[in-house]
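Peer 1: Once you've had a glance at the structure underneath, I'll fire off some questions.
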Amino acid sequence: MSDQPKKKLDLSRRDMPKQAPEVRRQNFDEVPLGYPEATAIAEAVRCLQCKKPLCVPLCPVEIDIPGFIKGIAENDFAGGVRVLKDKNLLPAVCGRVCPQEEQCEKGCILHKKGAPVAIGRLERFLADWEATQGEPEIPAMPAKTGKKVAVVGGGPAGLTVAGDLIKLGHDVTIFEALHEMGGVLIYGIPEFRLPKAIVKREVDYLQKLGVEIKTDFVVGKTRTVESLLKEYDAIFVGSGAGLPWFMQIPGENLNGVYSANEYLTRMNLMKGYLFPQFDTPIKNHQRVAVIGGGNVAMDCARTALRLGAEEVQIIYRRSRQEMPAREEEIENAEEEGVIFNYLTLPLRYIGDENGWVKQIECLKMELGEPDASGRRRPVPIENSNYIIPMDAVVCAIGNSPNPLIPETTPGLEVGKWGNIKADEQTGKTSLDRVWAGGDVVSGAATVILAMGAGRIAARSIHEYLTSS
Amino acid sequence: MFNVIESNMIVPNLHLLTLEAPEIVPEIQPGQFVILRAEQDGERIPLSISDWDLEAGTLSVIFMNVGVTTGKLAALKPGMQIPTVVGPLGIKTEIENFGTVLCVGGCYGIGSIFPIARALKELGNRVISVIEARSNYLFYWEDKLKQVSDQLLYITRDGTKGYKGHVRRLPQIIQSVGSKVDRVIVNGCSLLVKLSSDVTRPLEIKTIVSLAPIMIDGTGMCGVCRVSLGETTRFACVHGPDFDGHEVNWEELAQRRKMYFNEESVPLQTSRCEEHAEKILAEHLNLE
Ligand SMILES: Cc1cc2nc3c(=O)[nH]c(=O)nc-3n(C[C@H](O)[C@H](O)[C@H](O)COP(=O)(O)OP(=O)(O)OC[C@H]3O[C@@H](n4cnc5c(N)ncnc54)[C@H](O)[C@@H]3O)c2cc1C
Ligand SMILES: Cc1cc2nc3c(=O)[nH]c(=O)nc-3n(C[C@H](O)[C@H](O)[C@H](O)COP(=O)(O)OP(=O)(O)OC[C@H]3O[C@@H](n4cnc5c(N)ncnc54)[C@H](O)[C@@H]3O)c2cc1C
Ligand code: SF4
Ligand code: FES
């Protein structure tokens, strides 16, 4: 390393205060509370301000990480925000939900010493500080180019494209199928992990910049991509991966068996936890099983606890090491009392006389040889079947892209899983003037990757619009 | 926001609502539906599109007041607005020149079968419309249906008009038609579409029914609308709402529709009855 640290290393990574498990189980408020100012500064000072930082290349949108951390360390928060927002449109969101432990923090030189700088928490601190400073300033806008862009989907990919292109002088309209903007940030990720007010603030900001928003508009149904192409110079499709998978096992259509999307949508988008103040009901089940081991499964399990379940069990077919959920979320779920059944496979759901699920038949698994992904493959242990009583099951085993747009757009090429094919360098699809990015291209991934794909597409769209 | 153009009760407990939705109207095909919200905190509910006017950019739905949202919709007046009208959703009813088609409607289905009959007639089918109700005062849109049908027949449970009984009379009607019936299309409450399918099965006449499972998004995202057809599961909002009535697992559909029975009665009890009870109580106390 050329930039060997000279000062004495501070290896105490500052903890972020959290609501206590027994308290937070009873409410829907955010769990981590954010750094107080003094803690943030102390943490920021730990950063070595590397000349060739190893954290930055691992950030999918290449935020100038030492740059914004310096702002905090020097008490120049406004300066820090400017550096941060130069590359990241949604820092308050990313600071909360990005898997930093797999990205920037994994690269941090102090990671080797076991104490990476808490980049995510610092990002969150700055974004939250900015929110307390009144209305965000509207940047000086360039002259209008007269070009019109349609963005399909109001998730992180679509929001990024809209933000980038409006600042370059193009007219942008976002078409969103649901009645609220934000995609998974609104209907999927729960309030206790990502307060909806944060997403709303970002959407309001885009509107102030002049982005036009049309909710309740299903592209492919209300109007097709083909028809939009007559009115718009370019189209970006960021319609996400919203089609829920089921396991195709007996009993899946019993009452009380939900897809994660249904469970979370009732809860978040429709505000089921405020029923009957809001009209959409959600059941308060006593014993809830959640199938799967990703972030989505953790969110469902923790939601069920907050709705008053006595017992919530995660059922996952591999072991803890293979679980794709973020470590922090697994820990949160464990602290709150979620029970984890590893190496367990549901075989069928058994119903009562009224068609409600009452039991799950499971099979025990053991880890065998590694499979193509390098993870050890779970293999069934014969005759290890057993039955657990349950009154609800949430299936959180994955999602693929919704076929609605490909089905109604002749000439738009899709891959094996129904994902729209798009060029990695530009986001261009097989159709002229149509770009795509985010989960609809990659399959279910992350917020920051969706934003990164949006940024790439926006650049390519801008090039196209200004060269023609 | 979407403007309410017309709102009235056309027969007891059935309401007609006409809404301005110029972006949706040009795309509507027979058999499709919209999802509505009556107010900001409201639930999303699906309603079939019963008619539309391209020039005015308006569409009409007919619904029965059965709960919270339909109750709120029923209270709307022209000039008011609702926050969500999204669509047209679902796949259109299959319309071809089949020959002779029986279009069966009951309840709100008397309205939603109308555009289907109209489209079938335009393609040269012999259209026989059969509408069903408890009693003759519950029929509506008879003139509209007559205009697009070769014959309009009635079934009433009390015998006040047409055939007496229920859709179990359909085989008799089919016999009386004279020629072979090539297809039966049924719109209306779950019981009506199920019973119709039951009685046409032995006759081996293809019977298409519009199903009404619980829905949320209407775009294939949540899966609550799943229905079983033999061994396969389909999402009614994107693969339907029309399905072959002889393949539907009716027992499962009936159970799934009852999923929120207990919860659905909560707002009715709290937001209305209690209010009412409090009012009565207050009056009572005033008297004392
Ligand atoms: C429960 C849950 C928890 C998650 N937790 C994390 C996490 O902790 N960290 C992380 O990084 N990622 C997480 N993810 C993944 C992350 O949310 C997604 O990768 C990201 O939101 C993808 O962004 P997107 O813009 O591509 O799509 P989406 O966010 O899915 O947005 C797509 C939007 O397009 C709309 N749309 C779809 N079809 C149409 C149409 N035909 N017409 C108009 N609009 C349409 C949809 O309604 C939606 O609003 C989580 C996902 C879920 C479901
Ligand atoms: C494709 C489709 C088309 C429909 N067309 C019509 C129509 O043209 N006219 C009409 O009167 N009704 C129609 N329905 C049924 C209508 O959606 C329900 O009557 C309505 O949702 C009841 O809502 P509520 O809040 O007033 O009553 P609730 O008290 O909430 O419910 C009463 C009953 O309605 C059903 N229901 C409740 N919520 C939903 C929901 N979100 N989606 C579907 N069903 C639900 C349940 O079985 C419930 O027990 C249709 C349903 C579908 C799926
Ligand atoms: S966060 Fe870590 S890798 Fe990045 S500049 Fe600071 S010390 Fe170096
Ligand atoms: S209503 Fe959600 S998938 Fe059909």
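The chains in the structure tokens are called A, B, ... from first to last as shown; in each chain the residues are counted from 1, and the ligands are counted from 1 in the order shown.
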I'd like the neighbourhood of segment 411-417 of chain A as a list in words, where a residue qualifies if any of its atoms comes within 10 Å (using only C-alpha atoms), though same-chain residues fewer than 5 positions away should be ignored.

Peer 2: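 Counting only C-alpha atoms, the residues come to Val225, Asn399, Ser400, Pro401, Asn402, Pro403, Ile405, Pro406, Ala422, Thr429, Ser430, Leu431, Asp432, Val434, Val440, Val441, Ser442 and Gly443 of chain A.
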
Peer 1: Taking only C-alpha atoms and all ligand atoms into account, report as a VMD selection string which residues have an atom no farther than 6 Å from an atom of ligand 3.

Peer 2: chain A and resid 47 to 50 53 to 55 66 108 to 110 117

Peer 1: Take the residues from that selection and put them in a file with N, CA and C atoms, as an mmCIF file, in the first residue's frame.

Peer 2:
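Output file again.cif is given in full below:
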data_model
loop_
_atom_site.group_PDB
_atom_site.id
_atom_site.type_symbol
_atom_site.label_atom_id
_atom_site.label_comp_id
_atom_site.auth_asym_id
_atom_site.auth_seq_id
_atom_site.Cartn_x
_atom_site.Cartn_y
_atom_site.Cartn_z
ATOM 1 N N CYS A 47 -11.738 7.429 9.475
ATOM 2 C CA CYS A 47 -11.400 7.200 8.072
ATOM 3 C C CYS A 47 -10.005 7.729 7.793
ATOM 4 N N LEU A 48 -9.196 6.931 7.093
ATOM 5 C CA LEU A 48 -7.794 7.285 6.864
ATOM 6 C C LEU A 48 -7.619 8.209 5.667
ATOM 7 N N GLN A 49 -8.731 8.524 4.975
ATOM 8 C CA GLN A 49 -8.667 9.388 3.797
ATOM 9 C C GLN A 49 -7.610 8.849 2.815
ATOM 10 N N CYS A 50 -7.721 7.573 2.509
ATOM 11 C CA CYS A 50 -6.765 6.918 1.621
ATOM 12 C C CYS A 50 -6.666 7.677 0.296
ATOM 13 N N PRO A 53 -8.450 5.018 -2.413
ATOM 14 C CA PRO A 53 -9.395 4.330 -1.517
ATOM 15 C C PRO A 53 -9.872 3.003 -2.114
ATOM 16 N N LEU A 54 -9.912 1.976 -1.278
ATOM 17 C CA LEU A 54 -10.360 0.660 -1.740
ATOM 18 C C LEU A 54 -11.871 0.513 -1.609
ATOM 19 N N CYS A 55 -12.491 1.451 -0.898
ATOM 20 C CA CYS A 55 -13.948 1.372 -0.731
ATOM 21 C C CYS A 55 -14.667 1.800 -2.004
ATOM 22 N N PRO A 66 -14.371 8.823 0.753
ATOM 23 C CA PRO A 66 -13.561 9.650 1.656
ATOM 24 C C PRO A 66 -13.973 11.119 1.576
ATOM 25 N N CYS A 108 -12.987 -1.498 2.506
ATOM 26 C CA CYS A 108 -12.298 -0.546 3.392
ATOM 27 C C CYS A 108 -11.032 -1.172 3.975
ATOM 28 N N ILE A 109 -9.967 -0.399 3.940
ATOM 29 C CA ILE A 109 -8.666 -0.892 4.397
ATOM 30 C C ILE A 109 -8.733 -1.364 5.858
ATOM 31 N N LEU A 110 -9.616 -0.761 6.624
ATOM 32 C CA LEU A 110 -9.730 -1.145 8.030
ATOM 33 C C LEU A 110 -10.531 -2.440 8.216
ATOM 34 N N VAL A 117 -14.678 1.270 8.430
ATOM 35 C CA VAL A 117 -15.422 2.502 8.713
ATOM 36 C C VAL A 117 -16.897 2.241 8.399
#

Peer 1: Distance table requested - chain B against ligand 2, cut-off 6 Å, only C-alpha atoms and all ligand atoms: one row per qualifying residue with the closest atom pair and its distance in Å to one decimal, ordered by chain and rising residue number, as a Markdown table.

Peer 2:
| residue | atom | partner | partner_atom_place_in_ligand_line | distance |
| --- | --- | --- | --- | --- |
| B:Phe33 | CA | ligand 2 | 1 (C) | 5.8 |
| B:Arg44 | CA | ligand 2 | 41 (N) | 5.6 |
| B:Ile45 | CA | ligand 2 | 41 (N) | 4.2 |
| B:Pro46 | CA | ligand 2 | 17 (O) | 4.3 |
| B:Leu47 | CA | ligand 2 | 5 (N) | 3.5 |
| B:Ser48 | CA | ligand 2 | 8 (O) | 3.7 |
| B:Val61 | CA | ligand 2 | 8 (O) | 5.9 |
| B:Ile62 | CA | ligand 2 | 9 (N) | 5.2 |
| B:Phe63 | CA | ligand 2 | 11 (O) | 3.1 |
| B:Met64 | CA | ligand 2 | 11 (O) | 4.0 |
| B:Val66 | CA | ligand 2 | 26 (O) | 4.9 |
| B:Gly67 | CA | ligand 2 | 27 (O) | 3.3 |
| B:Val68 | CA | ligand 2 | 25 (O) | 4.1 |
| B:Thr69 | CA | ligand 2 | 25 (O) | 3.7 |
| B:Thr70 | CA | ligand 2 | 26 (O) | 3.6 |
| B:Gly71 | CA | ligand 2 | 26 (O) | 5.8 |
| B:Tyr108 | CA | ligand 2 | 9 (N) | 4.8 |
| B:Ala212 | CA | ligand 2 | 53 (C) | 3.3 |
| B:Pro213 | CA | ligand 2 | 53 (C) | 4.7 |
| B:Ile214 | CA | ligand 2 | 43 (C) | 3.4 |
| B:Met215 | CA | ligand 2 | 42 (N) | 4.0 |
| B:Ile216 | CA | ligand 2 | 41 (N) | 5.4 |
| B:Pro241 | CA | ligand 2 | 1 (C) | 5.3 |
| B:Arg257 | CA | ligand 2 | 47 (O) | 4.0 |
| B:Lys258 | CA | ligand 2 | 49 (O) | 5.1 |
| B:Phe261 | CA | ligand 2 | 49 (O) | 5.2 |
| B:Glu264 | CA | ligand 2 | 29 (O) | 4.6 |

Peer 1: Kindly assemble as JSON lines a list of the chain A residues that lie within 7 Å of ligand 1, each paired with its nearest atom pair and their distance in Å to one decimal, using only C-alpha atoms and all ligand atoms, sorted first by chain and then by ascending residue number.

Peer 2:
{"residue": "A:Val97", "atom": "CA", "partner": "ligand 1", "partner_atom_place_in_ligand_line": "8 (O)", "distance": 4.1}
{"residue": "A:Cys98", "atom": "CA", "partner": "ligand 1", "partner_atom_place_in_ligand_line": "11 (O)", "distance": 4.4}
{"residue": "A:Pro99", "atom": "CA", "partner": "ligand 1", "partner_atom_place_in_ligand_line": "9 (N)", "distance": 6.1}
{"residue": "A:Val152", "atom": "CA", "partner": "ligand 1", "partner_atom_place_in_ligand_line": "43 (C)", "distance": 5.0}
{"residue": "A:Gly153", "atom": "CA", "partner": "ligand 1", "partner_atom_place_in_ligand_line": "34 (O)", "distance": 3.2}
{"residue": "A:Gly154", "atom": "CA", "partner": "ligand 1", "partner_atom_place_in_ligand_line": "49 (O)", "distance": 4.7}
{"residue": "A:Gly155", "atom": "CA", "partner": "ligand 1", "partner_atom_place_in_ligand_line": "31 (O)", "distance": 3.4}
{"residue": "A:Pro156", "atom": "CA", "partner": "ligand 1", "partner_atom_place_in_ligand_line": "25 (O)", "distance": 4.0}
{"residue": "A:Ala157", "atom": "CA", "partner": "ligand 1", "partner_atom_place_in_ligand_line": "25 (O)", "distance": 3.7}
{"residue": "A:Gly158", "atom": "CA", "partner": "ligand 1", "partner_atom_place_in_ligand_line": "25 (O)", "distance": 5.5}
{"residue": "A:Phe175", "atom": "CA", "partner": "ligand 1", "partner_atom_place_in_ligand_line": "43 (C)", "distance": 5.2}
{"residue": "A:Glu176", "atom": "CA", "partner": "ligand 1", "partner_atom_place_in_ligand_line": "44 (N)", "distance": 3.8}
{"residue": "A:Ala177", "atom": "CA", "partner": "ligand 1", "partner_atom_place_in_ligand_line": "44 (N)", "distance": 3.9}
{"residue": "A:Leu178", "atom": "CA", "partner": "ligand 1", "partner_atom_place_in_ligand_line": "47 (O)", "distance": 5.2}
{"residue": "A:Met181", "atom": "CA", "partner": "ligand 1", "partner_atom_place_in_ligand_line": "49 (O)", "distance": 6.1}
{"residue": "A:Gly182", "atom": "CA", "partner": "ligand 1", "partner_atom_place_in_ligand_line": "49 (O)", "distance": 5.6}
{"residue": "A:Gly183", "atom": "CA", "partner": "ligand 1", "partner_atom_place_in_ligand_line": "49 (O)", "distance": 3.0}
{"residue": "A:Val184", "atom": "CA", "partner": "ligand 1", "partner_atom_place_in_ligand_line": "29 (O)", "distance": 3.9}
{"residue": "A:Leu185", "atom": "CA", "partner": "ligand 1", "partner_atom_place_in_ligand_line": "17 (O)", "distance": 5.8}
{"residue": "A:Gly188", "atom": "CA", "partner": "ligand 1", "partner_atom_place_in_ligand_line": "1 (C)", "distance": 4.3}
{"residue": "A:Ile189", "atom": "CA", "partner": "ligand 1", "partner_atom_place_in_ligand_line": "1 (C)", "distance": 4.5}
{"residue": "A:Phe217", "atom": "CA", "partner": "ligand 1", "partner_atom_place_in_ligand_line": "43 (C)", "distance": 5.8}
{"residue": "A:Val218", "atom": "CA", "partner": "ligand 1", "partner_atom_place_in_ligand_line": "42 (N)", "distance": 3.8}
{"residue": "A:Val219", "atom": "CA", "partner": "ligand 1", "partner_atom_place_in_ligand_line": "42 (N)", "distance": 3.8}
{"residue": "A:Gly220", "atom": "CA", "partner": "ligand 1", "partner_atom_place_in_ligand_line": "41 (N)", "distance": 5.6}
{"residue": "A:Gly238", "atom": "CA", "partner": "ligand 1", "partner_atom_place_in_ligand_line": "26 (O)", "distance": 5.2}
{"residue": "A:Ser239", "atom": "CA", "partner": "ligand 1", "partner_atom_place_in_ligand_line": "34 (O)", "distance": 3.5}
{"residue": "A:Gly240", "atom": "CA", "partner": "ligand 1", "partner_atom_place_in_ligand_line": "27 (O)", "distance": 3.3}
{"residue": "A:Ala241", "atom": "CA", "partner": "ligand 1", "partner_atom_place_in_ligand_line": "30 (O)", "distance": 5.4}
{"residue": "A:Gly242", "atom": "CA", "partner": "ligand 1", "partner_atom_place_in_ligand_line": "30 (O)", "distance": 5.9}
{"residue": "A:Asn261", "atom": "CA", "partner": "ligand 1", "partner_atom_place_in_ligand_line": "53 (C)", "distance": 6.9}
{"residue": "A:Leu264", "atom": "CA", "partner": "ligand 1", "partner_atom_place_in_ligand_line": "1 (C)", "distance": 7.0}
{"residue": "A:Asn295", "atom": "CA", "partner": "ligand 1", "partner_atom_place_in_ligand_line": "5 (N)", "distance": 5.1}
{"residue": "A:Val296", "atom": "CA", "partner": "ligand 1", "partner_atom_place_in_ligand_line": "1 (C)", "distance": 3.8}
{"residue": "A:Asp299", "atom": "CA", "partner": "ligand 1", "partner_atom_place_in_ligand_line": "1 (C)", "distance": 5.8}
{"residue": "A:Asn402", "atom": "CA", "partner": "ligand 1", "partner_atom_place_in_ligand_line": "38 (N)", "distance": 6.5}
{"residue": "A:Leu404", "atom": "CA", "partner": "ligand 1", "partner_atom_place_in_ligand_line": "41 (N)", "distance": 5.9}
{"residue": "A:Ile405", "atom": "CA", "partner": "ligand 1", "partner_atom_place_in_ligand_line": "41 (N)", "distance": 5.5}
{"residue": "A:Gly437", "atom": "CA", "partner": "ligand 1", "partner_atom_place_in_ligand_line": "26 (O)", "distance": 6.4}
{"residue": "A:Gly438", "atom": "CA", "partner": "ligand 1", "partner_atom_place_in_ligand_line": "26 (O)", "distance": 3.4}
{"residue": "A:Asp439", "atom": "CA", "partner": "ligand 1", "partner_atom_place_in_ligand_line": "26 (O)", "distance": 3.8}
{"residue": "A:Val440", "atom": "CA", "partner": "ligand 1", "partner_atom_place_in_ligand_line": "26 (O)", "distance": 5.8}
{"residue": "A:Ala444", "atom": "CA", "partner": "ligand 1", "partner_atom_place_in_ligand_line": "19 (O)", "distance": 5.3}
{"residue": "A:Ala445", "atom": "CA", "partner": "ligand 1", "partner_atom_place_in_ligand_line": "19 (O)", "distance": 4.1}
{"residue": "A:Thr446", "atom": "CA", "partner": "ligand 1", "partner_atom_place_in_ligand_line": "19 (O)", "distance": 3.5}
{"residue": "A:Val447", "atom": "CA", "partner": "ligand 1", "partner_atom_place_in_ligand_line": "11 (O)", "distance": 4.0}
{"residue": "A:Ile448", "atom": "CA", "partner": "ligand 1", "partner_atom_place_in_ligand_line": "11 (O)", "distance": 5.8}
{"residue": "A:Ala450", "atom": "CA", "partner": "ligand 1", "partner_atom_place_in_ligand_line": "26 (O)", "distance": 4.9}

Peer 1: Residues within 6 Å of ligand 4, counting only C-alpha atoms and all ligand atoms: report them as a ChimeraX atom specification.

Peer 2: /B:215-225,235-237

Peer 1: Quick one: everything within 9 Å of Ala131 of chain A, counting only C-alpha atoms, minus sequence neighbours fewer than 6 positions away in the same chain. Send it as a PDB file with N, CA, C and O atoms, in the first residue's frame.

Peer 2:
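Okay, result24.pdb is ready:
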ATOM      1  N   ALA A  92     -30.552   8.744   1.694  1.00  0.00           N
ATOM      2  CA  ALA A  92     -31.272   8.364   2.917  1.00  0.00           C
ATOM      3  C   ALA A  92     -31.797   6.933   2.788  1.00  0.00           C
ATOM      4  O   ALA A  92     -31.909   6.212   3.774  1.00  0.00           O
ATOM      5  N   ILE A 198     -39.440   9.122   3.964  1.00  0.00           N
ATOM      6  CA  ILE A 198     -38.172   9.371   3.270  1.00  0.00           C
ATOM      7  C   ILE A 198     -38.356   9.223   1.769  1.00  0.00           C
ATOM      8  O   ILE A 198     -37.885  10.040   0.980  1.00  0.00           O
ATOM      9  N   ARG A 201     -40.350  12.104   0.368  1.00  0.00           N
ATOM     10  CA  ARG A 201     -39.575  13.338   0.248  1.00  0.00           C
ATOM     11  C   ARG A 201     -38.782  13.342  -1.059  1.00  0.00           C
ATOM     12  O   ARG A 201     -38.715  14.344  -1.761  1.00  0.00           O
TER      13      ARG A 201
END

Peer 1: Please, which residues in chain B fall within 9 Å of chain A when counting only C-alpha atoms, and what is the closest atom pair and distance in Å to one decimal for each, ordered by chain then residue number, as JSON lines?

Peer 2:
{"residue": "B:Glu23", "atom": "CA", "partner": "A:Thr222", "partner_atom": "CA", "distance": 6.8}
{"residue": "B:Ile24", "atom": "CA", "partner": "A:Thr222", "partner_atom": "CA", "distance": 5.4}
{"residue": "B:Val25", "atom": "CA", "partner": "A:Thr222", "partner_atom": "CA", "distance": 8.6}
{"residue": "B:Pro26", "atom": "CA", "partner": "A:Thr222", "partner_atom": "CA", "distance": 8.8}
{"residue": "B:Glu27", "atom": "CA", "partner": "A:Thr222", "partner_atom": "CA", "distance": 6.6}
{"residue": "B:Ile28", "atom": "CA", "partner": "A:Thr222", "partner_atom": "CA", "distance": 8.7}
{"residue": "B:Gln40", "atom": "CA", "partner": "A:Phe278", "partner_atom": "CA", "distance": 8.9}
{"residue": "B:Asp41", "atom": "CA", "partner": "A:Phe278", "partner_atom": "CA", "distance": 5.1}
{"residue": "B:Gly42", "atom": "CA", "partner": "A:Asp279", "partner_atom": "CA", "distance": 5.2}
{"residue": "B:Glu43", "atom": "CA", "partner": "A:Thr280", "partner_atom": "CA", "distance": 5.1}
{"residue": "B:Arg44", "atom": "CA", "partner": "A:Thr280", "partner_atom": "CA", "distance": 8.0}
{"residue": "B:Val68", "atom": "CA", "partner": "A:Asp279", "partner_atom": "CA", "distance": 7.5}
{"residue": "B:Thr69", "atom": "CA", "partner": "A:Asp279", "partner_atom": "CA", "distance": 7.9}
{"residue": "B:Pro83", "atom": "CA", "partner": "A:His179", "partner_atom": "CA", "distance": 8.3}
{"residue": "B:Thr84", "atom": "CA", "partner": "A:Asp216", "partner_atom": "CA", "distance": 6.4}
{"residue": "B:Val85", "atom": "CA", "partner": "A:Asp216", "partner_atom": "CA", "distance": 6.7}
{"residue": "B:Val86", "atom": "CA", "partner": "A:Asp216", "partner_atom": "CA", "distance": 5.1}
{"residue": "B:Gly87", "atom": "CA", "partner": "A:Thr222", "partner_atom": "CA", "distance": 5.6}
{"residue": "B:Pro88", "atom": "CA", "partner": "A:Lys221", "partner_atom": "CA", "distance": 6.0}
{"residue": "B:Leu89", "atom": "CA", "partner": "A:Lys221", "partner_atom": "CA", "distance": 6.4}
{"residue": "B:Gly90", "atom": "CA", "partner": "A:Lys221", "partner_atom": "CA", "distance": 8.5}
{"residue": "B:Ile216", "atom": "CA", "partner": "A:Glu262", "partner_atom": "CA", "distance": 8.0}
{"residue": "B:Asp217", "atom": "CA", "partner": "A:Leu178", "partner_atom": "CA", "distance": 7.0}
{"residue": "B:Thr219", "atom": "CA", "partner": "A:Leu404", "partner_atom": "CA", "distance": 7.8}
{"residue": "B:Gly220", "atom": "CA", "partner": "A:Leu243", "partner_atom": "CA", "distance": 6.2}
{"residue": "B:Met221", "atom": "CA", "partner": "A:Leu243", "partner_atom": "CA", "distance": 5.0}
{"residue": "B:Cys222", "atom": "CA", "partner": "A:Glu262", "partner_atom": "CA", "distance": 4.4}
{"residue": "B:Gly223", "atom": "CA", "partner": "A:Ser259", "partner_atom": "CA", "distance": 6.5}
{"residue": "B:Val224", "atom": "CA", "partner": "A:Glu262", "partner_atom": "CA", "distance": 6.5}
{"residue": "B:Arg226", "atom": "CA", "partner": "A:Asn253", "partner_atom": "CA", "distance": 7.3}
{"residue": "B:Val227", "atom": "CA", "partner": "A:Asn253", "partner_atom": "CA", "distance": 7.8}
{"residue": "B:Ser228", "atom": "CA", "partner": "A:Asn253", "partner_atom": "CA", "distance": 7.9}
{"residue": "B:Thr233", "atom": "CA", "partner": "A:Asn253", "partner_atom": "CA", "distance": 8.4}
{"residue": "B:Val238", "atom": "CA", "partner": "A:Leu404", "partner_atom": "CA", "distance": 8.2}
{"residue": "B:Glu251", "atom": "CA", "partner": "A:Gly355", "partner_atom": "CA", "distance": 8.9}
{"residue": "B:Glu252", "atom": "CA", "partner": "A:Gly355", "partner_atom": "CA", "distance": 7.3}
{"residue": "B:Gln255", "atom": "CA", "partner": "A:Gly355", "partner_atom": "CA", "distance": 6.1}
{"residue": "B:Arg256", "atom": "CA", "partner": "A:Asn255", "partner_atom": "CA", "distance": 5.9}
{"residue": "B:Lys258", "atom": "CA", "partner": "A:Asn255", "partner_atom": "CA", "distance": 8.9}
{"residue": "B:Met259", "atom": "CA", "partner": "A:Asn255", "partner_atom": "CA", "distance": 6.4}
{"residue": "B:Tyr260", "atom": "CA", "partner": "A:Pro281", "partner_atom": "CA", "distance": 7.1}
{"residue": "B:Glu263", "atom": "CA", "partner": "A:Pro281", "partner_atom": "CA", "distance": 6.2}
{"residue": "B:Glu264", "atom": "CA", "partner": "A:Pro281", "partner_atom": "CA", "distance": 7.2}
{"residue": "B:Val266", "atom": "CA", "partner": "A:Pro276", "partner_atom": "CA", "distance": 7.1}
{"residue": "B:Pro267", "atom": "CA", "partner": "A:Pro276", "partner_atom": "CA", "distance": 5.7}
{"residue": "B:Thr270", "atom": "CA", "partner": "A:Pro276", "partner_atom": "CA", "distance": 8.5}
{"residue": "B:Ser271", "atom": "CA", "partner": "A:Pro276", "partner_atom": "CA", "distance": 8.6}

Peer 1: If we count only C-alpha atoms, what is near Gly106 of chain B at a cut-off of 8 Å, once residues fewer than 5 positions away on the same chain are taken out, given as a short mmCIF file (atom, residue, chain, number, x, y, z; two decimals) with C-alpha atoms, in the first residue's frame?

Peer 2:
data_model
loop_
_atom_site.label_atom_id
_atom_site.label_comp_id
_atom_site.auth_asym_id
_atom_site.auth_seq_id
_atom_site.Cartn_x
_atom_site.Cartn_y
_atom_site.Cartn_z
CA ILE B 131 -80.87 -12.20 -17.29
CA GLU B 132 -81.63 -13.44 -13.82
CA ALA B 133 -82.90 -11.73 -10.66
CA ASN B 187 -71.19 -12.74 -15.64
CA GLY B 188 -72.41 -12.13 -12.12
CA CYS B 189 -72.07 -13.26 -8.53
CA LEU B 192 -74.60 -17.68 -10.41
#

Peer 1: Kindly give the distance, in Å, that separates atom CA of Glu247 of chain B and atom CA of Ser197 of chain B, rounded to a single decimal.

Peer 2: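 Answer for the atom CA of Glu247 of chain B to atom CA of Ser197 of chain B separation: 9.2 Å.
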
Peer 1: Using only C-alpha atoms, determine which residues lie at most 7 Å from Ala392 of chain A, disregarding the query and same-chain residues fewer than 4 positions distant; provide the list as a PDB file with C-alpha atoms, in the first residue's frame.

Peer 2:
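Once everything was written out, this is out04.pdb:
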ATOM      1  CA  GLY A 256     -53.632 -18.093   5.185  1.00  0.00           C
ATOM      2  CA  VAL A 257     -50.916 -18.850   2.620  1.00  0.00           C
ATOM      3  CA  HIS A 285     -52.150 -14.681  12.934  1.00  0.00           C
ATOM      4  CA  ARG A 287     -48.247 -18.825  14.485  1.00  0.00           C
ATOM      5  CA  VAL A 288     -46.628 -17.720  11.269  1.00  0.00           C
ATOM      6  CA  ALA A 289     -44.095 -19.564   9.115  1.00  0.00           C
ATOM      7  CA  VAL A 357     -53.925 -23.726   6.625  1.00  0.00           C
TER       8      VAL A 357
END

Peer 1: Run DSSP on the backbone and give me the residues of segment 192-246 of chain B it puts in helix (DSSP H, G or I), as an MDAnalysis selection string.

Peer 2: chainID B and resid 192:200 236:239

Peer 1: What's the 9 Å shell around Glu382 of chain A, counting only C-alpha atoms, without same-chain residues fewer than 6 positions away, as a list in words?

Peer 2: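 The contact residues come out as Leu363, Lys364 and Met365 of chain A.
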